[in-house]
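Next comes work.cif, a file with mmCIF, C-alpha atoms.
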```cif
data_run
#
loop_
_atom_site.group_PDB
_atom_site.id
_atom_site.type_symbol
_atom_site.label_atom_id
_atom_site.label_comp_id
_atom_site.auth_asym_id
_atom_site.auth_seq_id
_atom_site.Cartn_x
_atom_site.Cartn_y
_atom_site.Cartn_z
ATOM 1 C CA MET P 42 5.761 -26.731 2.431
ATOM 2 C CA ILE P 43 6.470 -23.802 4.780
ATOM 3 C CA ARG P 44 8.032 -21.766 1.942
ATOM 4 C CA SER P 45 5.024 -22.517 -0.285
ATOM 5 C CA LEU P 46 2.697 -21.376 2.500
ATOM 6 C CA LYS P 47 4.810 -18.210 2.950
ATOM 7 C CA LYS P 48 4.491 -17.364 -0.767
ATOM 8 C CA THR P 49 0.724 -17.806 -0.526
ATOM 9 C CA LEU P 50 0.428 -15.614 2.572
ATOM 10 C CA LEU P 51 2.629 -12.863 1.113
ATOM 11 C CA SER P 52 0.627 -12.654 -2.110
ATOM 12 C CA GLN P 53 -2.702 -12.169 -0.289
ATOM 13 C CA ASN P 54 -4.350 -13.649 -3.397
ATOM 14 C CA LEU P 55 -2.766 -10.836 -5.443
ATOM 15 C CA GLU P 56 -0.375 -11.389 -8.293
ATOM 16 C CA SER P 57 3.318 -11.056 -7.507
ATOM 17 C CA PRO P 58 6.623 -11.761 -9.263
ATOM 18 C CA LYS P 59 7.829 -15.362 -9.208
ATOM 19 C CA TRP P 60 10.698 -16.246 -6.894
ATOM 20 C CA SER P 61 12.295 -19.324 -5.475
ATOM 21 C CA PRO P 62 14.172 -19.702 -2.201
ATOM 22 C CA ALA P 63 17.912 -20.310 -2.121
ATOM 23 C CA LYS P 64 19.624 -22.443 0.470
ATOM 24 C CA VAL P 65 21.744 -19.892 2.285
ATOM 25 C CA GLU P 66 22.096 -19.881 6.053
ATOM 26 C CA VAL P 67 22.041 -16.213 7.083
ATOM 27 C CA PRO P 68 20.354 -15.428 10.404
ATOM 28 C CA GLY P 69 17.377 -13.082 10.192
ATOM 29 C CA CYS P 70 16.993 -13.069 6.426
ATOM 30 C CA GLU P 71 16.472 -15.252 3.396
ATOM 31 C CA LEU P 72 17.892 -15.272 -0.115
ATOM 32 C CA ARG P 73 15.357 -15.314 -2.959
ATOM 33 C CA HIS P 74 15.932 -15.740 -6.691
ATOM 34 C CA TYR P 75 13.433 -13.482 -8.473
ATOM 35 C CA GLU P 76 12.598 -14.168 -12.111
ATOM 36 C CA ALA P 77 12.818 -11.432 -14.730
ATOM 37 C CA GLY P 78 9.673 -9.347 -15.113
ATOM 38 C CA MET P 79 8.166 -6.091 -16.303
ATOM 39 C CA TRP P 80 7.504 -3.359 -13.716
ATOM 40 C CA ALA P 81 5.778 0.043 -14.035
ATOM 41 C CA SER P 82 6.247 3.110 -11.887
ATOM 42 C CA THR P 83 2.515 3.725 -11.580
ATOM 43 C CA VAL P 84 -0.810 2.228 -12.637
ATOM 44 C CA ILE P 85 -1.966 3.634 -15.985
ATOM 45 C CA GLN P 86 -5.298 5.409 -15.582
ATOM 46 C CA GLU P 87 -6.789 4.582 -18.993
ATOM 47 C CA THR P 88 -6.198 0.841 -18.632
ATOM 48 C CA GLU P 89 -7.530 -1.246 -15.787
ATOM 49 C CA ILE P 90 -4.631 -3.175 -14.280
ATOM 50 C CA GLU P 91 -5.115 -5.446 -11.304
ATOM 51 C CA LYS P 92 -3.332 -4.699 -8.028
ATOM 52 C CA THR P 93 -0.107 -6.643 -7.590
ATOM 53 C CA VAL P 94 2.420 -6.980 -4.789
ATOM 54 C CA PRO P 95 4.907 -5.913 -3.695
ATOM 55 C CA VAL P 96 5.189 -2.193 -4.328
ATOM 56 C CA THR P 97 8.923 -1.503 -4.281
ATOM 57 C CA CYS P 98 10.926 1.645 -3.687
ATOM 58 C CA LEU P 99 14.603 1.995 -4.629
ATOM 59 C CA VAL P 100 16.504 3.864 -1.902
ATOM 60 C CA GLN P 101 20.018 5.244 -2.186
ATOM 61 C CA PRO P 102 21.057 6.473 1.275
ATOM 62 C CA GLY P 103 22.122 10.091 1.252
ATOM 63 C CA THR P 104 19.872 11.068 -1.668
ATOM 64 C CA THR P 105 16.280 12.259 -1.913
ATOM 65 C CA GLU P 106 15.610 10.417 -5.179
ATOM 66 C CA TYR P 107 13.398 7.335 -5.206
ATOM 67 C CA LYS P 108 11.957 4.987 -7.785
ATOM 68 C CA VAL P 109 8.595 3.463 -6.898
ATOM 69 C CA SER P 110 7.603 0.437 -8.955
ATOM 70 C CA PHE P 111 4.587 -1.800 -9.384
ATOM 71 C CA PHE P 112 4.789 -5.324 -10.785
ATOM 72 C CA VAL P 113 2.942 -5.592 -14.129
ATOM 73 C CA PRO P 114 0.404 -8.478 -14.027
ATOM 74 C CA LYS P 115 1.377 -11.658 -15.870
ATOM 75 C CA LYS P 116 -1.231 -11.204 -18.581
ATOM 76 C CA HIS P 117 0.445 -7.874 -19.514
ATOM 77 C CA GLN P 118 4.109 -8.994 -19.166
ATOM 78 C CA ASN P 119 4.695 -9.583 -22.891
ATOM 79 C CA SER P 120 2.684 -6.595 -24.042
ATOM 80 C CA PRO P 121 2.221 -4.039 -21.262
ATOM 81 C CA PRO P 122 0.013 -1.001 -21.901
ATOM 82 C CA GLU P 123 2.054 2.044 -22.851
ATOM 83 C CA PRO P 124 2.086 4.744 -20.177
ATOM 84 C CA THR P 125 0.065 7.832 -21.055
ATOM 85 C CA ASP P 126 2.168 10.042 -18.791
ATOM 86 C CA PRO P 127 5.620 10.836 -20.247
ATOM 87 C CA GLU P 128 7.102 10.758 -16.735
ATOM 88 C CA VAL P 129 6.072 7.115 -16.263
ATOM 89 C CA PHE P 130 8.196 4.362 -17.747
ATOM 90 C CA LEU P 131 8.210 0.597 -18.054
ATOM 91 C CA GLU P 132 11.237 -1.284 -16.773
ATOM 92 C CA LEU P 133 12.256 -4.856 -17.531
ATOM 93 C CA ARG P 134 13.975 -6.113 -14.401
ATOM 94 C CA LYS P 135 16.319 -9.019 -14.925
ATOM 95 C CA GLY P 136 16.195 -12.030 -12.632
ATOM 96 C CA ALA P 137 18.215 -11.440 -9.472
ATOM 97 C CA ALA P 138 19.300 -13.003 -6.209
ATOM 98 C CA ILE P 139 18.029 -10.817 -3.373
ATOM 99 C CA PHE P 140 18.650 -10.937 0.366
ATOM 100 C CA VAL P 141 15.332 -10.250 2.114
ATOM 101 C CA ARG P 142 14.557 -9.161 5.680
ATOM 102 C CA SER P 143 10.852 -9.233 6.630
ATOM 103 C CA PHE P 144 9.092 -7.301 9.394
ATOM 104 C CA GLY P 145 5.546 -6.393 10.402
ATOM 105 C CA GLY P 146 3.642 -3.301 11.403
ATOM 106 C CA PHE P 147 3.417 0.099 9.784
ATOM 107 C CA ALA P 148 6.694 1.003 8.109
ATOM 108 C CA SER P 149 8.015 4.552 8.174
ATOM 109 C CA VAL P 150 11.090 5.828 6.376
ATOM 110 C CA GLU P 151 12.947 5.481 9.669
ATOM 111 C CA LYS P 152 11.737 1.901 10.196
ATOM 112 C CA PHE P 153 12.753 0.860 6.663
ATOM 113 C CA SER P 154 16.158 2.491 7.204
ATOM 114 C CA LYS P 155 16.618 0.702 10.546
ATOM 115 C CA GLU P 156 15.668 -2.683 9.032
ATOM 116 C CA ALA P 157 17.977 -2.103 6.037
ATOM 117 C CA LYS P 158 20.863 -1.339 8.401
ATOM 118 C CA ALA P 159 20.124 -4.486 10.417
ATOM 119 C CA LEU P 160 20.112 -6.581 7.223
ATOM 120 C CA ALA P 161 23.335 -4.971 5.959
ATOM 121 C CA ASP P 162 25.024 -5.565 9.340
ATOM 122 C CA THR P 163 23.957 -9.236 9.285
ATOM 123 C CA LEU P 164 25.162 -9.744 5.712
ATOM 124 C CA GLN P 165 28.528 -8.125 6.487
ATOM 125 C CA LYS P 166 28.920 -10.200 9.644
ATOM 126 C CA GLU P 167 28.138 -13.378 7.675
ATOM 127 C CA GLY P 168 30.584 -12.463 4.877
ATOM 128 C CA GLN P 169 27.912 -12.155 2.185
ATOM 129 C CA SER P 170 28.668 -10.076 -0.912
ATOM 130 C CA PHE P 171 25.914 -7.548 -1.694
ATOM 131 C CA HIS P 172 25.347 -4.101 -3.212
ATOM 132 C CA SER P 173 25.496 -1.857 -0.152
ATOM 133 C CA ASP P 174 25.033 1.468 -1.964
ATOM 134 C CA PHE P 175 21.271 0.978 -2.421
ATOM 135 C CA TYR P 176 18.391 -1.135 -1.187
ATOM 136 C CA TYR P 177 14.738 -1.669 -1.969
ATOM 137 C CA THR P 178 11.769 -1.448 0.342
ATOM 138 C CA ALA P 179 8.821 -3.723 -0.428
ATOM 139 C CA GLY P 180 5.285 -3.238 0.846
ATOM 140 C CA TYR P 181 2.561 -5.850 0.566
ATOM 141 C CA ASN P 182 -0.462 -4.176 2.141
ATOM 142 C CA HIS P 183 -3.049 -1.556 1.313
ATOM 143 C CA PRO P 184 -2.390 1.605 3.367
ATOM 144 C CA PHE P 185 -5.621 1.035 5.305
ATOM 145 C CA THR P 186 -4.747 -2.516 6.380
ATOM 146 C CA LEU P 187 -4.397 -2.367 10.151
ATOM 147 C CA PHE P 188 -3.321 -5.889 11.140
ATOM 148 C CA ASN P 189 -0.947 -8.564 9.851
ATOM 149 C CA ARG P 190 1.061 -6.097 7.785
ATOM 150 C CA HIS P 191 4.110 -7.402 5.906
ATOM 151 C CA ASN P 192 7.106 -5.312 4.814
ATOM 152 C CA GLU P 193 10.558 -6.169 3.519
ATOM 153 C CA VAL P 194 13.928 -4.624 2.773
ATOM 154 C CA TRP P 195 16.031 -6.069 -0.054
ATOM 155 C CA TYR P 196 19.730 -6.019 -0.834
ATOM 156 C CA PHE P 197 20.860 -7.455 -4.161
ATOM 157 C CA LYS P 198 23.476 -10.186 -3.953
ATOM 158 C CA LYS P 199 26.617 -9.345 -5.924
ATOM 159 C CA GLU P 200 26.990 -11.693 -8.854
ATOM 160 C CA GLU P 201 30.244 -12.733 -10.483
ATOM 161 C CA ILE P 202 30.867 -13.393 -14.146
ATOM 162 C CA GLU P 203 33.093 -16.098 -15.581
ATOM 163 C CA ASP P 204 36.404 -14.256 -15.242
ATOM 164 C CA GLY P 205 35.766 -13.619 -11.546
ATOM 165 C CA LYS P 206 34.921 -9.929 -11.858
ATOM 166 C CA GLU P 207 31.784 -8.481 -10.348
ATOM 167 C CA LEU P 208 28.863 -8.022 -12.722
ATOM 168 C CA SER P 209 28.080 -4.321 -12.406
ATOM 169 C CA TRP P 210 24.657 -3.175 -11.341
ATOM 170 C CA GLU P 211 24.437 -0.892 -14.362
ATOM 171 C CA ASN P 212 24.666 -3.906 -16.659
ATOM 172 C CA ARG P 213 21.867 -5.685 -14.779
ATOM 173 C CA GLN P 214 19.266 -2.957 -14.407
ATOM 174 C CA THR P 215 18.039 0.264 -15.961
ATOM 175 C CA SER P 216 19.596 3.453 -14.624
ATOM 176 C CA SER P 217 16.621 5.674 -13.961
ATOM 177 C CA LEU P 218 15.351 6.934 -10.652
ATOM 178 C CA MET P 219 12.078 8.552 -9.757
ATOM 179 C CA HIS P 220 11.903 11.557 -7.533
ATOM 180 C CA ILE P 221 9.093 13.708 -6.260
ATOM 181 C CA VAL P 222 8.806 17.135 -7.851
ATOM 182 C CA ASN P 223 5.767 19.198 -6.881
ATOM 183 C CA ASN P 224 3.987 16.000 -5.764
ATOM 184 C CA THR P 225 4.399 14.304 -9.153
ATOM 185 C CA TRP P 226 6.849 11.618 -10.212
ATOM 186 C CA ALA P 227 9.604 12.599 -12.608
ATOM 187 C CA SER P 228 12.364 10.550 -14.201
ATOM 188 C CA THR P 229 16.029 11.340 -13.671
ATOM 189 C CA SER P 230 19.273 9.515 -14.360
ATOM 190 C CA LEU P 231 21.563 7.962 -11.815
ATOM 191 C CA PRO P 232 24.991 9.519 -11.521
ATOM 192 C CA PRO P 233 27.788 7.338 -12.899
ATOM 193 C CA THR P 234 29.412 5.093 -10.312
#
```
I need this file expressed as structure tokens, please.
Amino acid sequence: MIRSLKKTLLSQNLESPKWSPAKVEVPGCELRHYEAGMWASTVIQETEIEKTVPVTCLVQPGTTEYKVSFFVPKKHQNSPPEPTDPEVFLELRKGAAIFVRSFGGFASVEKFSKEAKALADTLQKEGQSFHSDFYYTAGYNHPFTLFNRHNEVWYFKKEEIEDGKELSWENRQTSSLMHIVNNTWASTSLPPT
């Protein structure tokens, strides 16, 4: 019941991707299994799309490239509107197991970085296997919301395939990043890993 209440409070009556909790005992965080879903890097101006949560940002420490994504509402999942801006793209994210650390207040780049480090330290201490070369930030509030703000940092759990080898991130997700160029979003490719 508490987890159901948490999902309701996080969504703020806004649409969000479906997830289910996993039973993993890691202090200070939870493990969620997110279902596959379509995400867009911005809201398309010519089509009215409802606000959804969370807004995520892919962060690779040591780089200045980011990918900001918005969850596409359920009614558009199977047939999302095509972006009118060539620098905007649609991304089908596969289902994933994600370690999540939640915190309140206004989140700065420094605060997100501090919370990501705290989550990474906890996961390492607890012997959890995760992708440490990137993380996501997740925001759930309008910028003008003053109280009861909710933010998260996410690390993706490393998955194994049948022969015991790690399933690479490149095989699970698209390999584009967004970065700011003259205050507009532009698409670039990730370097090979």
Give the answer as one residue: which of P:Arg134, P:Arg190, P:Val100, P:Thr163 has the shortest atom-to-atom distance to P:Thr178, using all atoms listed in the file? P:Val100
Expansion of the PyMOL selection byres ((chain P and resi 115) around 12) into residues, as an mmCIF file with C-alpha atoms, in the frame of the given file:
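Result written to expr17.cif:
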```cif
data_model
loop_
_atom_site.group_PDB
_atom_site.id
_atom_site.type_symbol
_atom_site.label_atom_id
_atom_site.label_comp_id
_atom_site.auth_asym_id
_atom_site.auth_seq_id
_atom_site.Cartn_x
_atom_site.Cartn_y
_atom_site.Cartn_z
ATOM 1 C CA LEU P 55 -2.766 -10.836 -5.443
ATOM 2 C CA GLU P 56 -0.375 -11.389 -8.293
ATOM 3 C CA SER P 57 3.318 -11.056 -7.507
ATOM 4 C CA PRO P 58 6.623 -11.761 -9.263
ATOM 5 C CA LYS P 59 7.829 -15.362 -9.208
ATOM 6 C CA ALA P 77 12.818 -11.432 -14.730
ATOM 7 C CA GLY P 78 9.673 -9.347 -15.113
ATOM 8 C CA MET P 79 8.166 -6.091 -16.303
ATOM 9 C CA TRP P 80 7.504 -3.359 -13.716
ATOM 10 C CA ILE P 90 -4.631 -3.175 -14.280
ATOM 11 C CA GLU P 91 -5.115 -5.446 -11.304
ATOM 12 C CA LYS P 92 -3.332 -4.699 -8.028
ATOM 13 C CA THR P 93 -0.107 -6.643 -7.590
ATOM 14 C CA PHE P 112 4.789 -5.324 -10.785
ATOM 15 C CA VAL P 113 2.942 -5.592 -14.129
ATOM 16 C CA PRO P 114 0.404 -8.478 -14.027
ATOM 17 C CA LYS P 116 -1.231 -11.204 -18.581
ATOM 18 C CA HIS P 117 0.445 -7.874 -19.514
ATOM 19 C CA GLN P 118 4.109 -8.994 -19.166
ATOM 20 C CA ASN P 119 4.695 -9.583 -22.891
ATOM 21 C CA SER P 120 2.684 -6.595 -24.042
ATOM 22 C CA PRO P 121 2.221 -4.039 -21.262
#
```
Restricting the calculation to only C-alpha atoms: of P:Val96, P:Val129, P:Ile139, P:Val109, which residue gets closest to P:Asn192?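 Among the listed residues, P:Val96 lies closest to P:Asn192.
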What's around P:Gln101 at 7 Å? Count only C-alpha atoms, leave out sequence neighbours fewer than 2 positions away in its own chain, and write the answer as an MDAnalysis selection string. chainID P and resid 99 103:104 174:176
Could you please take those selected residues and save C-alpha atoms as a PDB file, in the coordinates of the input?
```
ATOM      1  CA  LEU P  99      14.603   1.995  -4.629  1.00  0.00           C
ATOM      2  CA  GLY P 103      22.122  10.091   1.252  1.00  0.00           C
ATOM      3  CA  THR P 104      19.872  11.068  -1.668  1.00  0.00           C
ATOM      4  CA  ASP P 174      25.033   1.468  -1.964  1.00  0.00           C
ATOM      5  CA  PHE P 175      21.271   0.978  -2.421  1.00  0.00           C
ATOM      6  CA  TYR P 176      18.391  -1.135  -1.187  1.00  0.00           C
TER       7      TYR P 176
END
```
Give the answer as one residue: which of P:Ala148, P:Ala159, P:Leu164, P:Leu131 has the shortest atom-to-atom distance to P:His191, using only C-alpha atoms?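 Using only C-alpha atoms, P:His191 sits closest to P:Ala148.
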Mind filling out stretch 54-79 of chain P with N, CA, C and O atoms and sending it as an mmCIF file, keeping the file's coordinate frame?
```cif
data_model
loop_
_atom_site.group_PDB
_atom_site.id
_atom_site.type_symbol
_atom_site.label_atom_id
_atom_site.label_comp_id
_atom_site.auth_asym_id
_atom_site.auth_seq_id
_atom_site.Cartn_x
_atom_site.Cartn_y
_atom_site.Cartn_z
ATOM 1 N N ASN P 54 -3.530 -13.391 -2.207
ATOM 2 C CA ASN P 54 -4.350 -13.649 -3.397
ATOM 3 C C ASN P 54 -4.177 -12.579 -4.460
ATOM 4 O O ASN P 54 -5.046 -12.385 -5.294
ATOM 5 N N LEU P 55 -3.090 -11.825 -4.423
ATOM 6 C CA LEU P 55 -2.766 -10.836 -5.443
ATOM 7 C C LEU P 55 -1.576 -11.353 -6.228
ATOM 8 O O LEU P 55 -0.752 -12.104 -5.727
ATOM 9 N N GLU P 56 -1.471 -10.940 -7.459
ATOM 10 C CA GLU P 56 -0.375 -11.389 -8.293
ATOM 11 C C GLU P 56 0.933 -10.756 -7.845
ATOM 12 O O GLU P 56 0.979 -9.591 -7.467
ATOM 13 N N SER P 57 1.999 -11.534 -7.903
ATOM 14 C CA SER P 57 3.318 -11.056 -7.507
ATOM 15 C C SER P 57 4.364 -11.714 -8.398
ATOM 16 O O SER P 57 4.087 -12.717 -9.050
ATOM 17 N N PRO P 58 5.580 -11.153 -8.438
ATOM 18 C CA PRO P 58 6.623 -11.761 -9.263
ATOM 19 C C PRO P 58 7.004 -13.136 -8.724
ATOM 20 O O PRO P 58 6.937 -13.375 -7.512
ATOM 21 N N LYS P 59 7.418 -14.025 -9.624
ATOM 22 C CA LYS P 59 7.829 -15.362 -9.208
ATOM 23 C C LYS P 59 9.222 -15.321 -8.593
ATOM 24 O O LYS P 59 10.094 -14.609 -9.070
ATOM 25 N N TRP P 60 9.396 -16.109 -7.529
ATOM 26 C CA TRP P 60 10.698 -16.246 -6.894
ATOM 27 C C TRP P 60 10.802 -17.632 -6.302
ATOM 28 O O TRP P 60 9.812 -18.301 -6.064
ATOM 29 N N SER P 61 12.040 -18.035 -6.109
ATOM 30 C CA SER P 61 12.295 -19.324 -5.475
ATOM 31 C C SER P 61 13.334 -19.110 -4.378
ATOM 32 O O SER P 61 14.211 -18.246 -4.494
ATOM 33 N N PRO P 62 13.225 -19.872 -3.290
ATOM 34 C CA PRO P 62 14.172 -19.702 -2.201
ATOM 35 C C PRO P 62 15.517 -20.329 -2.530
ATOM 36 O O PRO P 62 15.598 -21.297 -3.284
ATOM 37 N N ALA P 63 16.570 -19.753 -1.980
ATOM 38 C CA ALA P 63 17.912 -20.310 -2.121
ATOM 39 C C ALA P 63 18.324 -20.854 -0.766
ATOM 40 O O ALA P 63 17.851 -20.392 0.271
ATOM 41 N N LYS P 64 19.172 -21.842 -0.786
ATOM 42 C CA LYS P 64 19.624 -22.443 0.470
ATOM 43 C C LYS P 64 20.874 -21.729 0.952
ATOM 44 O O LYS P 64 21.989 -22.107 0.634
ATOM 45 N N VAL P 65 20.653 -20.660 1.698
ATOM 46 C CA VAL P 65 21.744 -19.892 2.285
ATOM 47 C C VAL P 65 21.401 -19.700 3.757
ATOM 48 O O VAL P 65 20.295 -19.288 4.096
ATOM 49 N N GLU P 66 22.317 -20.019 4.617
ATOM 50 C CA GLU P 66 22.096 -19.881 6.053
ATOM 51 C C GLU P 66 22.604 -18.525 6.515
ATOM 52 O O GLU P 66 23.779 -18.355 6.794
ATOM 53 N N VAL P 67 21.716 -17.536 6.567
ATOM 54 C CA VAL P 67 22.041 -16.213 7.083
ATOM 55 C C VAL P 67 20.969 -15.880 8.107
ATOM 56 O O VAL P 67 19.798 -15.815 7.774
ATOM 57 N N PRO P 68 21.349 -15.691 9.363
ATOM 58 C CA PRO P 68 20.354 -15.428 10.404
ATOM 59 C C PRO P 68 19.535 -14.174 10.111
ATOM 60 O O PRO P 68 20.083 -13.156 9.694
ATOM 61 N N GLY P 69 18.233 -14.256 10.299
ATOM 62 C CA GLY P 69 17.377 -13.082 10.192
ATOM 63 C C GLY P 69 17.009 -12.652 8.794
ATOM 64 O O GLY P 69 16.402 -11.603 8.621
ATOM 65 N N CYS P 70 17.381 -13.431 7.788
ATOM 66 C CA CYS P 70 16.993 -13.069 6.426
ATOM 67 C C CYS P 70 16.948 -14.321 5.570
ATOM 68 O O CYS P 70 17.302 -15.406 6.006
ATOM 69 N N GLU P 71 16.473 -14.160 4.350
ATOM 70 C CA GLU P 71 16.472 -15.252 3.396
ATOM 71 C C GLU P 71 16.997 -14.725 2.066
ATOM 72 O O GLU P 71 17.031 -13.515 1.836
ATOM 73 N N LEU P 72 17.433 -15.636 1.216
ATOM 74 C CA LEU P 72 17.892 -15.272 -0.115
ATOM 75 C C LEU P 72 16.868 -15.811 -1.096
ATOM 76 O O LEU P 72 16.530 -16.988 -1.069
ATOM 77 N N ARG P 73 16.343 -14.928 -1.956
ATOM 78 C CA ARG P 73 15.357 -15.314 -2.959
ATOM 79 C C ARG P 73 15.940 -15.073 -4.345
ATOM 80 O O ARG P 73 16.643 -14.100 -4.568
ATOM 81 N N HIS P 74 15.587 -15.942 -5.282
ATOM 82 C CA HIS P 74 15.932 -15.740 -6.691
ATOM 83 C C HIS P 74 14.658 -15.307 -7.413
ATOM 84 O O HIS P 74 13.757 -16.113 -7.613
ATOM 85 N N TYR P 75 14.594 -14.016 -7.756
ATOM 86 C CA TYR P 75 13.433 -13.482 -8.473
ATOM 87 C C TYR P 75 13.629 -13.675 -9.965
ATOM 88 O O TYR P 75 14.726 -13.467 -10.484
ATOM 89 N N GLU P 76 12.554 -14.040 -10.663
ATOM 90 C CA GLU P 76 12.598 -14.168 -12.111
ATOM 91 C C GLU P 76 12.501 -12.781 -12.747
ATOM 92 O O GLU P 76 12.031 -11.831 -12.115
ATOM 93 N N ALA P 77 12.926 -12.689 -13.992
ATOM 94 C CA ALA P 77 12.818 -11.432 -14.730
ATOM 95 C C ALA P 77 11.342 -11.063 -14.871
ATOM 96 O O ALA P 77 10.480 -11.945 -14.905
ATOM 97 N N GLY P 78 11.053 -9.784 -14.949
ATOM 98 C CA GLY P 78 9.673 -9.347 -15.113
ATOM 99 C C GLY P 78 9.577 -7.872 -15.406
ATOM 100 O O GLY P 78 10.500 -7.111 -15.150
ATOM 101 N N MET P 79 8.445 -7.478 -15.951
ATOM 102 C CA MET P 79 8.166 -6.091 -16.303
ATOM 103 C C MET P 79 7.552 -5.388 -15.094
ATOM 104 O O MET P 79 6.672 -5.928 -14.434
#
```
